[in-house]
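Text of target33.cif (mmCIF, C-alpha atoms and all ligand atoms) as supplied:
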data_coords
#
loop_
_atom_site.label_atom_id
_atom_site.label_comp_id
_atom_site.auth_asym_id
_atom_site.auth_seq_id
_atom_site.Cartn_x
_atom_site.Cartn_y
_atom_site.Cartn_z
CA MET A 1 12.80 21.85 -0.23
CA ALA A 2 13.52 18.18 -0.89
CA THR A 3 11.09 15.75 0.71
CA GLU A 4 11.32 12.03 1.33
CA LYS A 5 7.63 11.71 0.56
CA LEU A 6 7.43 10.48 -3.04
CA ILE A 7 3.70 11.20 -3.30
CA LEU A 8 4.36 14.89 -2.51
CA ARG A 9 7.03 14.99 -5.22
CA ALA A 10 4.63 13.54 -7.80
CA LEU A 11 1.94 15.99 -6.67
CA ALA A 12 4.41 18.85 -7.15
CA GLY A 13 4.71 17.79 -10.79
CA GLU A 14 7.85 15.67 -10.71
CA THR A 15 8.11 12.70 -13.10
CA LEU A 16 9.58 9.87 -11.00
CA PRO A 17 11.34 6.80 -12.42
CA THR A 18 8.88 4.57 -10.50
CA PRO A 19 5.43 5.91 -9.66
CA PRO A 20 4.60 6.02 -5.95
CA ILE A 21 1.64 3.82 -5.02
CA TRP A 22 -1.31 3.57 -2.65
CA MET A 23 -4.74 2.00 -3.02
CA MET A 24 -8.30 3.22 -2.50
CA ARG A 25 -9.93 1.34 0.44
CA GLN A 26 -6.51 -0.09 1.33
CA ALA A 27 -7.73 -0.47 4.92
CA GLY A 28 -10.70 -2.76 4.43
CA ARG A 29 -12.43 -6.07 4.66
CA TYR A 30 -10.05 -7.95 2.30
CA LEU A 31 -7.49 -7.83 5.17
CA PRO A 32 -7.89 -10.27 8.09
CA GLU A 33 -6.21 -7.79 10.46
CA TYR A 34 -8.85 -5.16 9.50
CA LYS A 35 -11.68 -7.59 10.25
CA ALA A 36 -10.13 -8.36 13.65
CA THR A 37 -9.85 -4.67 14.65
CA ARG A 38 -13.34 -3.93 13.34
CA ALA A 39 -14.70 -6.78 15.50
CA GLN A 40 -12.84 -5.32 18.48
CA ALA A 41 -14.48 -1.92 17.82
CA GLY A 42 -17.93 -3.55 17.57
CA ASP A 43 -19.17 -1.89 14.39
CA PHE A 44 -18.00 0.32 11.55
CA LEU A 45 -19.00 3.70 13.03
CA SER A 46 -17.49 2.85 16.42
CA LEU A 47 -14.26 2.08 14.57
CA CYS A 48 -14.38 5.44 12.74
CA TYR A 49 -14.87 7.36 16.01
CA ASN A 50 -12.20 5.47 18.00
CA PRO A 51 -8.94 7.33 17.26
CA GLU A 52 -6.63 4.54 18.52
CA LEU A 53 -8.36 1.81 16.50
CA ALA A 54 -8.95 4.00 13.42
CA ALA A 55 -5.22 4.83 13.43
CA GLU A 56 -4.44 1.12 13.83
CA VAL A 57 -6.45 0.09 10.73
CA THR A 58 -4.93 3.00 8.77
CA LEU A 59 -1.46 1.67 9.62
CA GLN A 60 -2.18 -2.00 8.83
CA PRO A 61 -1.77 -1.77 5.03
CA ILE A 62 1.36 0.39 5.52
CA ARG A 63 2.95 -2.30 7.68
CA ARG A 64 1.90 -5.13 5.38
CA TYR A 65 2.75 -3.54 2.02
CA GLY A 66 4.78 -0.36 2.59
CA PHE A 67 2.45 1.83 0.50
CA ASP A 68 3.73 5.36 -0.17
CA ALA A 69 0.59 6.90 1.34
CA ALA A 70 -1.80 6.16 4.18
CA ILE A 71 -5.40 7.36 3.93
CA LEU A 72 -7.15 8.39 7.10
CA PHE A 73 -9.68 5.75 8.14
CA ALA A 74 -13.07 7.49 8.22
CA ASP A 75 -16.05 7.82 5.84
CA ILE A 76 -17.55 10.50 3.61
CA LEU A 77 -20.84 10.14 5.54
CA LEU A 78 -19.40 11.35 8.86
CA LEU A 79 -19.79 14.99 7.72
CA PRO A 80 -23.56 14.61 7.11
CA GLN A 81 -23.81 12.98 10.52
CA ALA A 82 -21.95 15.90 12.11
CA MET A 83 -24.35 18.26 10.28
CA GLY A 84 -27.24 16.58 12.09
CA ALA A 85 -28.35 13.71 9.84
CA ASP A 86 -28.99 10.37 11.55
CA LEU A 87 -26.55 7.75 10.22
CA TRP A 88 -26.40 4.00 10.71
CA PHE A 89 -25.03 1.01 8.78
CA VAL A 90 -27.14 -2.05 7.95
CA THR A 91 -24.90 -5.14 7.91
CA GLY A 92 -24.58 -6.58 4.42
CA GLU A 93 -26.41 -3.60 2.86
CA GLY A 94 -24.65 -0.32 3.58
CA PRO A 95 -25.33 3.13 4.97
CA ARG A 96 -28.73 4.57 5.91
CA LEU A 97 -29.38 8.25 6.70
CA SER A 98 -32.38 10.40 7.59
CA THR A 99 -33.38 12.18 4.36
CA ILE A 100 -33.30 15.85 3.32
CA THR A 101 -36.02 16.77 0.83
CA THR A 102 -37.67 19.95 2.15
CA ALA A 103 -36.75 23.41 3.46
CA ASP A 104 -37.82 22.22 6.94
CA ASP A 105 -35.36 19.32 6.79
CA MET A 106 -32.63 21.88 6.00
CA ILE A 107 -33.61 24.06 8.97
CA ASN A 108 -33.23 21.08 11.28
CA LEU A 109 -29.54 20.66 10.34
CA LYS A 110 -26.97 22.01 12.80
CA PRO A 111 -25.05 25.27 12.28
CA LEU A 112 -21.67 24.49 10.72
CA GLU A 113 -19.76 25.89 13.74
CA ASP A 114 -21.00 22.83 15.63
CA ILE A 115 -19.72 20.07 13.31
CA HIS A 116 -16.28 19.84 14.91
CA GLU A 117 -17.73 18.56 18.17
CA THR A 118 -18.78 15.32 16.45
CA LEU A 119 -15.72 15.23 14.19
CA SER A 120 -13.04 15.84 16.83
CA PRO A 121 -12.15 12.09 17.13
CA ILE A 122 -11.31 12.16 13.41
CA TYR A 123 -8.85 15.02 13.96
CA GLU A 124 -7.41 13.03 16.86
CA THR A 125 -6.85 10.05 14.52
CA VAL A 126 -4.94 12.34 12.14
CA LYS A 127 -2.75 13.54 15.03
CA ILE A 128 -1.92 9.97 16.09
CA LEU A 129 -1.08 9.01 12.50
CA ARG A 130 1.14 12.03 12.14
CA GLN A 131 3.22 10.64 15.05
CA GLU A 132 3.20 6.98 14.03
CA LEU A 133 3.64 6.93 10.27
CA PRO A 134 7.11 6.37 8.78
CA LYS A 135 8.62 9.69 7.68
CA GLU A 136 8.46 8.74 3.99
CA THR A 137 4.72 7.93 4.09
CA THR A 138 2.30 10.66 2.99
CA LEU A 139 -0.87 11.07 5.05
CA ILE A 140 -4.02 11.70 2.99
CA GLY A 141 -7.16 13.20 4.55
CA PHE A 142 -10.44 13.22 2.62
CA ALA A 143 -14.08 14.16 2.28
CA GLY A 144 -16.84 13.45 -0.20
CA ALA A 145 -17.45 16.10 -2.88
CA PRO A 146 -20.74 17.97 -2.33
CA TRP A 147 -22.75 16.26 -5.09
CA THR A 148 -21.85 12.75 -3.91
CA VAL A 149 -22.53 13.58 -0.25
CA ALA A 150 -25.84 15.21 -1.27
CA THR A 151 -26.93 12.04 -3.14
CA TYR A 152 -26.71 10.09 0.14
CA MET A 153 -28.32 12.85 2.24
CA ILE A 154 -31.28 13.15 -0.15
CA ALA A 155 -31.89 9.43 -0.80
CA GLY A 156 -30.93 8.24 2.70
CA GLN A 157 -28.82 5.46 1.16
CA GLY A 158 -26.69 4.50 -1.83
CA THR A 159 -28.63 4.45 -5.12
CA PRO A 160 -27.71 2.99 -8.54
CA ASP A 161 -28.67 6.13 -10.52
CA GLN A 162 -28.85 8.85 -7.83
CA GLY A 163 -32.52 9.24 -8.84
CA PRO A 164 -33.78 10.99 -5.68
CA ALA A 165 -31.04 13.66 -5.88
CA HIS A 166 -31.76 14.31 -9.57
CA LYS A 167 -35.47 14.59 -8.71
CA LEU A 168 -34.88 17.16 -5.96
CA LYS A 169 -32.58 19.12 -8.30
CA ARG A 170 -35.43 19.25 -10.84
CA GLU A 171 -38.36 19.82 -8.51
CA ASN A 172 -37.00 21.93 -5.67
CA ARG A 173 -33.95 23.70 -6.97
CA ALA A 174 -33.74 26.12 -4.03
CA VAL A 175 -33.50 23.34 -1.42
CA PHE A 176 -31.08 21.34 -3.59
CA GLU A 177 -28.76 24.34 -4.09
CA ALA A 178 -28.93 25.29 -0.41
CA LEU A 179 -27.88 21.75 0.51
CA ILE A 180 -24.96 21.76 -1.96
CA ASP A 181 -23.86 25.14 -0.52
CA MET A 182 -24.06 23.92 3.03
CA ILE A 183 -22.06 20.75 2.29
CA THR A 184 -19.50 22.87 0.39
CA GLU A 185 -18.95 25.14 3.40
CA GLY A 186 -18.91 22.19 5.81
CA THR A 187 -16.33 20.40 3.66
CA ILE A 188 -14.02 23.43 3.66
CA ALA A 189 -14.19 23.55 7.47
CA TYR A 190 -13.75 19.77 7.85
CA LEU A 191 -10.75 19.46 5.49
CA SER A 192 -9.11 22.56 6.91
CA LYS A 193 -9.17 20.92 10.37
CA GLN A 194 -7.74 17.69 8.94
CA ILE A 195 -4.85 19.71 7.46
CA GLU A 196 -4.29 21.56 10.76
CA ALA A 197 -4.20 18.17 12.53
CA GLY A 198 -1.45 16.96 10.17
CA ALA A 199 -2.82 15.68 6.85
CA ASP A 200 -0.19 16.21 4.10
CA VAL A 201 -2.72 16.01 1.25
CA VAL A 202 -6.52 15.99 0.98
CA LYS A 203 -8.70 14.20 -1.52
CA LEU A 204 -12.28 14.89 -2.67
CA PHE A 205 -14.28 11.79 -3.66
CA ASP A 206 -16.98 12.58 -6.22
CA SER A 207 -17.97 8.96 -6.73
CA TRP A 208 -21.23 9.80 -8.50
CA ALA A 209 -20.00 12.70 -10.70
CA GLY A 210 -20.64 10.57 -13.79
CA SER A 211 -24.42 10.78 -13.44
CA LEU A 212 -24.44 14.59 -13.82
CA GLN A 213 -25.16 15.60 -17.42
CA GLY A 214 -24.53 18.81 -19.37
CA ALA A 215 -24.37 22.02 -17.32
CA ASP A 216 -25.18 20.05 -14.14
CA PHE A 217 -21.71 18.46 -14.26
CA ILE A 218 -20.11 21.92 -14.21
CA ASP A 219 -22.55 23.44 -11.71
CA PHE A 220 -22.73 20.62 -9.15
CA SER A 221 -19.54 18.56 -9.52
CA ILE A 222 -16.89 21.01 -10.74
CA LYS A 223 -17.92 24.39 -9.28
CA PRO A 224 -18.38 23.24 -5.66
CA GLN A 225 -15.04 21.40 -5.81
CA GLN A 226 -13.40 24.46 -7.33
CA ARG A 227 -14.80 26.55 -4.45
CA ILE A 228 -13.52 24.09 -1.82
CA ILE A 229 -10.08 23.91 -3.44
CA ALA A 230 -9.77 27.71 -3.78
CA ALA A 231 -10.74 28.20 -0.12
CA LEU A 232 -8.30 25.53 1.10
CA LYS A 233 -5.49 26.89 -1.09
CA GLU A 234 -6.03 30.31 0.46
CA MET A 235 -5.72 28.91 4.01
CA HIS A 236 -3.16 26.15 3.33
CA PRO A 237 -1.25 27.04 0.13
CA GLU A 238 1.29 24.23 0.66
CA THR A 239 -1.25 21.39 0.84
CA PRO A 240 -1.83 19.50 -2.43
CA ILE A 241 -5.35 18.41 -3.34
CA ILE A 242 -6.53 15.38 -5.33
CA ALA A 243 -9.94 15.43 -7.04
CA PHE A 244 -11.73 12.23 -8.11
CA PRO A 245 -14.72 12.94 -10.35
CA ARG A 246 -15.47 9.27 -11.00
CA GLY A 247 -17.20 8.52 -14.28
CA ALA A 248 -16.34 11.86 -15.91
CA GLY A 249 -15.31 10.10 -19.15
CA GLU A 250 -14.13 12.57 -21.81
CA ARG A 251 -14.93 15.40 -19.41
CA TYR A 252 -11.76 14.44 -17.50
CA ALA A 253 -9.83 16.57 -20.05
CA GLY A 254 -9.01 20.00 -18.64
CA LEU A 255 -10.05 19.24 -15.06
CA HIS A 256 -6.78 20.36 -13.40
CA ALA A 257 -7.46 23.89 -14.65
CA ALA A 258 -11.22 23.76 -14.05
CA THR A 259 -10.97 22.55 -10.44
CA GLY A 260 -7.59 23.92 -9.33
CA ALA A 261 -6.65 20.41 -8.09
CA ASP A 262 -2.98 19.36 -8.10
CA CYS A 263 -3.93 15.85 -9.17
CA ILE A 264 -6.87 14.30 -10.98
CA ALA A 265 -7.71 10.71 -10.06
CA LEU A 266 -8.90 8.55 -12.95
CA ASP A 267 -11.38 5.69 -12.78
CA ASP A 268 -10.77 2.50 -14.76
CA GLY A 269 -13.24 3.47 -17.50
CA VAL A 270 -10.57 5.85 -18.83
CA ASP A 271 -7.97 4.66 -21.37
CA PRO A 272 -4.50 5.48 -19.93
CA VAL A 273 -3.04 6.37 -23.34
CA TRP A 274 -5.89 8.84 -23.95
CA ALA A 275 -5.53 10.22 -20.41
CA ALA A 276 -1.76 10.72 -20.81
CA ALA A 277 -2.44 12.92 -23.85
CA ASN A 278 -5.53 14.70 -22.55
CA VAL A 279 -5.41 14.86 -18.76
CA GLN A 280 -1.79 14.36 -17.60
CA THR A 281 -0.77 17.34 -19.76
CA GLY A 282 -2.48 19.45 -17.05
CA GLY A 283 -0.62 17.92 -14.09
CA CYS A 284 -0.31 14.82 -11.94
CA VAL A 285 -2.75 11.96 -12.51
CA GLN A 286 -3.62 9.08 -10.22
CA GLY A 287 -4.89 5.64 -11.22
CA ASN A 288 -6.25 3.55 -12.72
CA LEU A 289 -6.08 -0.25 -12.54
CA ALA A 290 -9.50 -1.96 -12.44
CA SER A 291 -10.08 -3.32 -8.92
CA ARG A 292 -11.28 -6.68 -10.28
CA HIS A 293 -7.59 -7.52 -10.88
CA MET A 294 -7.22 -7.67 -7.09
CA VAL A 295 -9.68 -10.59 -7.21
CA THR A 296 -8.48 -12.31 -10.39
CA GLY A 297 -4.69 -11.67 -10.28
CA GLY A 298 -2.36 -13.51 -12.67
CA GLU A 299 -0.94 -12.39 -16.00
CA ASP A 300 -3.80 -9.99 -16.72
CA LEU A 301 -2.96 -8.04 -13.58
CA VAL A 302 0.74 -7.85 -14.51
CA ARG A 303 0.03 -6.83 -18.11
CA GLU A 304 -2.48 -4.10 -17.21
CA THR A 305 -0.28 -2.74 -14.41
CA LYS A 306 2.67 -2.45 -16.80
CA ALA A 307 0.51 -0.82 -19.49
CA ILE A 308 -0.67 1.85 -17.04
CA CYS A 309 2.88 2.57 -15.82
CA LYS A 310 4.10 2.82 -19.43
CA ALA A 311 1.28 5.11 -20.57
CA PHE A 312 1.93 7.58 -17.73
CA ALA A 313 5.76 7.26 -17.63
CA ASN A 314 6.44 10.68 -19.19
CA GLY A 315 4.67 12.78 -16.58
CA PRO A 316 3.73 12.93 -12.90
CA HIS A 317 1.80 9.80 -11.90
CA ILE A 318 0.64 8.12 -8.69
CA PHE A 319 -0.29 4.48 -9.20
CA ASN A 320 -3.68 3.45 -7.76
CA LEU A 321 -6.79 1.47 -8.58
CA GLY A 322 -9.65 3.03 -10.55
CA HIS A 323 -12.00 2.52 -7.57
CA GLY A 324 -11.82 0.93 -4.12
CA ILE A 325 -10.56 -2.62 -3.56
CA THR A 326 -13.45 -5.02 -2.87
CA PRO A 327 -13.84 -7.35 0.18
CA ASP A 328 -13.41 -10.48 -2.02
CA ALA A 329 -9.89 -9.40 -3.15
CA ASN A 330 -6.90 -11.65 -2.48
CA PRO A 331 -4.18 -9.84 -0.45
CA ASP A 332 -1.49 -11.66 -2.50
CA ASN A 333 -2.70 -9.90 -5.66
CA VAL A 334 -2.09 -6.53 -3.98
CA GLN A 335 1.52 -7.60 -3.39
CA LEU A 336 1.81 -8.71 -7.03
CA MET A 337 0.58 -5.29 -8.20
CA ILE A 338 3.09 -3.48 -5.96
CA ASP A 339 5.98 -5.75 -7.05
CA THR A 340 5.06 -5.16 -10.71
CA VAL A 341 4.96 -1.36 -10.29
CA ARG A 342 8.27 -1.31 -8.39
CA ALA A 343 10.07 -3.87 -10.60
O1 LIG A 401 -18.12 -3.03 6.84
C1 LIG A 401 -17.18 -2.22 6.82
O2 LIG A 401 -16.10 -2.43 7.40
C2 LIG A 401 -17.46 -0.95 6.10
C3 LIG A 401 -16.95 -0.80 4.70
C4 LIG A 401 -16.47 0.65 4.60
C5 LIG A 401 -15.13 1.08 4.68
C6 LIG A 401 -13.91 0.23 4.86
C7 LIG A 401 -17.29 1.80 4.47
C8 LIG A 401 -18.77 1.85 4.43
N1 LIG A 401 -16.47 2.91 4.47
C9 LIG A 401 -15.15 2.51 4.60
C10 LIG A 401 -13.99 3.41 4.72
C11 LIG A 401 -13.82 4.46 3.70
N2 LIG A 401 -14.81 5.02 2.94
C12 LIG A 401 -12.60 5.11 3.43
C13 LIG A 401 -11.35 4.88 4.27
C14 LIG A 401 -10.06 4.76 3.84
C15 LIG A 401 -9.59 3.77 2.78
O3 LIG A 401 -9.80 4.03 1.57
O4 LIG A 401 -8.90 2.81 3.17
C16 LIG A 401 -12.86 6.03 2.38
C17 LIG A 401 -11.88 6.92 1.66
C18 LIG A 401 -14.26 5.97 2.10
C19 LIG A 401 -14.94 6.80 1.11
C20 LIG A 401 -16.35 6.54 0.75
N3 LIG A 401 -17.39 6.13 1.55
C21 LIG A 401 -16.89 6.79 -0.53
C22 LIG A 401 -16.10 7.38 -1.69
C23 LIG A 401 -15.27 6.38 -2.38
C24 LIG A 401 -16.01 5.30 -3.14
O5 LIG A 401 -15.87 4.14 -2.73
O6 LIG A 401 -16.68 5.62 -4.13
C25 LIG A 401 -18.26 6.46 -0.50
C26 LIG A 401 -19.25 6.54 -1.66
C27 LIG A 401 -18.57 6.03 0.82
C28 LIG A 401 -19.90 5.64 1.35
C29 LIG A 401 -19.87 4.27 1.88
N4 LIG A 401 -19.31 3.94 3.09
C30 LIG A 401 -19.33 2.59 3.25
C31 LIG A 401 -19.96 2.00 2.10
C32 LIG A 401 -20.21 0.55 1.90
C33 LIG A 401 -20.26 3.07 1.23
C34 LIG A 401 -20.89 2.97 -0.17
C35 LIG A 401 -22.35 2.88 -0.02
C36 LIG A 401 -23.20 2.76 -1.27
O7 LIG A 401 -23.12 3.57 -2.21
O8 LIG A 401 -24.05 1.84 -1.26
#

Give the structure from the file, written as structure tokens.
Ligand code: 1CP
Amino acid sequence: MATEKLILRALAGETLPTPPIWMMRQAGRYLPEYKATRAQAGDFLSLCYNPELAAEVTLQPIRRYGFDAAILFADILLLPQAMGADLWFVTGEGPRLSTITTADDMINLKPLEDIHETLSPIYETVKILRQELPKETTLIGFAGAPWTVATYMIAGQGTPDQGPAHKLKRENRAVFEALIDMITEGTIAYLSKQIEAGADVVKLFDSWAGSLQGADFIDFSIKPQQRIIAALKEMHPETPIIAFPRGAGERYAGLHAATGADCIALDDGVDPVWAAANVQTGGCVQGNLASRHMVTGGEDLVRETKAICKAFANGPHIFNLGHGITPDANPDNVQLMIDTVRA
């Protein structure tokens, strides 16, 4: 069946004359209208759990730029919170959570049947967006991949090298594996509800996949994602899935088959010409302009944007950044990127 949603056509494997485009963290602090709505909500978590305001900030970049997809405004750390972890945000620093390092900490988590009580405002946001988005705009739901979510649950905050999670993996394998399993099951339940509420596509963010070495990369990045994708495909066979194992490097090759994802999102450490030959041969790819161009702009931005479009022109491609846009970005550079892609 023909669809007006270009992102869904690319995800189905179609090579389009112009790649559809959206941007990681497109609703964020680089936009004055985002900052205004966030101030109205009071703080970041209140914004996430307020369906009207969360839908509003999701729609802001669609109104301003006409992106081909909207991404639900929420955070990967809401699932740990729904599982019973304490979560708060320290201004200027980032997230803080109560930590999981022992079997007792695991026992204190909530049964997974109970997560939807906390997460129901998120499903409500999806329902509002379903009503309010233009018919040609794809709605993307998301969750963190189990390894990345576990790194925050174990350390209680963001870490440069994910040291505490690697330590638990080494020193208390049983607790580490039980946590990965629990997040995997919780993620299946969470994403399934997002799809039922109206998400067209879901994406798994494995932001810290790159720090897993050897068999750990397969066991703790790829296998849990494969399990989530297989379970979702069984329940919702029509819903495409994007996987983003950031920092996978050469291990990006073959990941469509290994994960079962319809699209593999590439970070900006990956050469587009290499990725066209080694990753796009497996299916749709997304990416991968370095987000610093949204700060620096100019001819470099135009040249890199064109090079990425050219490298991926012979297969299914969704244009995006290689990681989220940063708060110091200039909104005019986003427009320049879009104009260059669509020119
Ligand atoms: O002050 C603010 O307004 C908060 C900044 C912010 C925003 C805008 C955070 C805190 N989360 C978000 C929203 C968000 N997070 C989205 C929404 C939709 C969009 O893209 O527009 C998404 C998809 C995420 C995903 C997310 N959260 C990831 C995976 C992607 C990535 O960036 O690697 C991760 C790792 C997080 C955790 C998180 N939440 C927020 C911050 C600052 C962080 C990173 C913390 C750290 O590692 O130190």

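For the atom pair formed by atom CA of A:Gly254 and atom CA of A:Thr281, the distance is 8.7 Å, given to one decimal.
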
Could you build a table of the residues in chain A lying no more than 8 Å from ligand LIG 401 (chain A), giving for each the nearest pair of atoms and their separation in Å rounded to one decimal place, using only C-alpha atoms and all ligand atoms, ordered by chain and ascending residue number, as a tab-separated table?
residue	atom	partner	partner_atom	distance
A:Met23	CA	A:LIG401	O3	7.1
A:Met24	CA	A:LIG401	O3	4.4
A:Arg25	CA	A:LIG401	O3	2.9
A:Gln26	CA	A:LIG401	O4	4.2
A:Ala27	CA	A:LIG401	O4	3.9
A:Gly28	CA	A:LIG401	C6	4.4
A:Arg29	CA	A:LIG401	O2	5.9
A:Lys35	CA	A:LIG401	O2	7.4
A:Arg38	CA	A:LIG401	O2	6.7
A:Asp43	CA	A:LIG401	O2	7.7
A:Phe44	CA	A:LIG401	O2	5.3
A:Thr58	CA	A:LIG401	O4	6.9
A:Ala70	CA	A:LIG401	O4	7.9
A:Ile71	CA	A:LIG401	C14	5.3
A:Leu72	CA	A:LIG401	C14	5.7
A:Phe73	CA	A:LIG401	C13	4.3
A:Ala74	CA	A:LIG401	C13	5.0
A:Asp75	CA	A:LIG401	N2	4.2
A:Ile76	CA	A:LIG401	N3	4.8
A:Leu77	CA	A:LIG401	C28	6.2
A:Phe89	CA	A:LIG401	C8	7.7
A:Thr91	CA	A:LIG401	O1	7.2
A:Gly92	CA	A:LIG401	O1	7.8
A:Glu93	CA	A:LIG401	O8	7.2
A:Gly94	CA	A:LIG401	C32	4.8
A:Pro95	CA	A:LIG401	C35	5.8
A:Phe142	CA	A:LIG401	C17	6.5
A:Ala143	CA	A:LIG401	C19	7.5
A:Gly144	CA	A:LIG401	C22	6.3
A:Thr148	CA	A:LIG401	C26	7.1
A:Val149	CA	A:LIG401	C26	7.9
A:Tyr152	CA	A:LIG401	O7	7.8
A:Gln157	CA	A:LIG401	O8	6.5
A:Gly158	CA	A:LIG401	O7	3.7
A:Thr159	CA	A:LIG401	O7	6.3
A:Pro160	CA	A:LIG401	O7	7.8
A:Phe205	CA	A:LIG401	C22	5.2
A:Asp206	CA	A:LIG401	C22	7.0
A:Ser207	CA	A:LIG401	O6	4.4
A:Trp208	CA	A:LIG401	O6	7.6
A:Arg246	CA	A:LIG401	O6	7.9
A:His323	CA	A:LIG401	O5	6.4
A:Gly324	CA	A:LIG401	O5	5.4

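Atom CA of A:Ala290 sits 14.2 Å away from atom CA of A:Ile338.
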
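With atom CA of A:Ile318 on one side and atom CA of A:Gln286 on the other, the separation reads 4.6 Å.
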
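Nearest residue to A:Tyr30 among A:Gln60, A:Gly210, A:Gly247, A:Glu124 is A:Gln60, counting only C-alpha atoms.
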
Option closest in space to A:Leu53, from A:Thr125, A:Thr18, A:Thr3, A:Thr296 [counting only C-alpha atoms]: A:Thr125

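Counting all atoms listed in the file, the residue from A:Ser98, A:Asn278, A:Thr37, A:Thr137 that sits nearest to A:Ile62 is A:Thr137.
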
For A:Thr118: contacts at 10 Å, all atoms listed in the file, fewer than 2 positions along chain excluded, given as number ranges by chain: A: 49, 78-79, 81-84, 114-116, 120-122

Identify, on the basis of only C-alpha atoms, every residue whose closest approach to A:Thr102 does not exceed 7 Å; exclude the query and any residue fewer than 3 positions from it along the same chain; express the result as a PDB file with C-alpha atoms, keeping the file's coordinate frame.
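Below you can see result20.pdb, which holds the result:
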ATOM      1  CA  ASP A 105     -35.360  19.320   6.790  1.00  0.00           C
ATOM      2  CA  MET A 106     -32.630  21.880   6.000  1.00  0.00           C
ATOM      3  CA  VAL A 175     -33.500  23.340  -1.420  1.00  0.00           C
TER       4      VAL A 175
END

Sphere at (-36.8, 18.0, 3.5), radius 12 Å, counting all atoms listed in the file: residues as a PyMOL selection string: chain A and resi 85+98-109+153-156+164-165+168+172+174-176+178-179

Based on the selection just made, write C-alpha atoms of those residues as a PDB file, in the frame of the given file.
ATOM      1  CA  ALA A  85     -28.350  13.710   9.840  1.00  0.00           C
ATOM      2  CA  SER A  98     -32.380  10.400   7.590  1.00  0.00           C
ATOM      3  CA  THR A  99     -33.380  12.180   4.360  1.00  0.00           C
ATOM      4  CA  ILE A 100     -33.300  15.850   3.320  1.00  0.00           C
ATOM      5  CA  THR A 101     -36.020  16.770   0.830  1.00  0.00           C
ATOM      6  CA  THR A 102     -37.670  19.950   2.150  1.00  0.00           C
ATOM      7  CA  ALA A 103     -36.750  23.410   3.460  1.00  0.00           C
ATOM      8  CA  ASP A 104     -37.820  22.220   6.940  1.00  0.00           C
ATOM      9  CA  ASP A 105     -35.360  19.320   6.790  1.00  0.00           C
ATOM     10  CA  MET A 106     -32.630  21.880   6.000  1.00  0.00           C
ATOM     11  CA  ILE A 107     -33.610  24.060   8.970  1.00  0.00           C
ATOM     12  CA  ASN A 108     -33.230  21.080  11.280  1.00  0.00           C
ATOM     13  CA  LEU A 109     -29.540  20.660  10.340  1.00  0.00           C
ATOM     14  CA  MET A 153     -28.320  12.850   2.240  1.00  0.00           C
ATOM     15  CA  ILE A 154     -31.280  13.150  -0.150  1.00  0.00           C
ATOM     16  CA  ALA A 155     -31.890   9.430  -0.800  1.00  0.00           C
ATOM     17  CA  GLY A 156     -30.930   8.240   2.700  1.00  0.00           C
ATOM     18  CA  PRO A 164     -33.780  10.990  -5.680  1.00  0.00           C
ATOM     19  CA  ALA A 165     -31.040  13.660  -5.880  1.00  0.00           C
ATOM     20  CA  LEU A 168     -34.880  17.160  -5.960  1.00  0.00           C
ATOM     21  CA  ASN A 172     -37.000  21.930  -5.670  1.00  0.00           C
ATOM     22  CA  ALA A 174     -33.740  26.120  -4.030  1.00  0.00           C
ATOM     23  CA  VAL A 175     -33.500  23.340  -1.420  1.00  0.00           C
ATOM     24  CA  PHE A 176     -31.080  21.340  -3.590  1.00  0.00           C
ATOM     25  CA  ALA A 178     -28.930  25.290  -0.410  1.00  0.00           C
ATOM     26  CA  LEU A 179     -27.880  21.750   0.510  1.00  0.00           C
TER      27      LEU A 179
END

Nearby residues, (-22.3, 6.7, 11.8) file frame, 6 Å, all atoms listed in the file, as a ChimeraX atom specification: /A:45,87-88
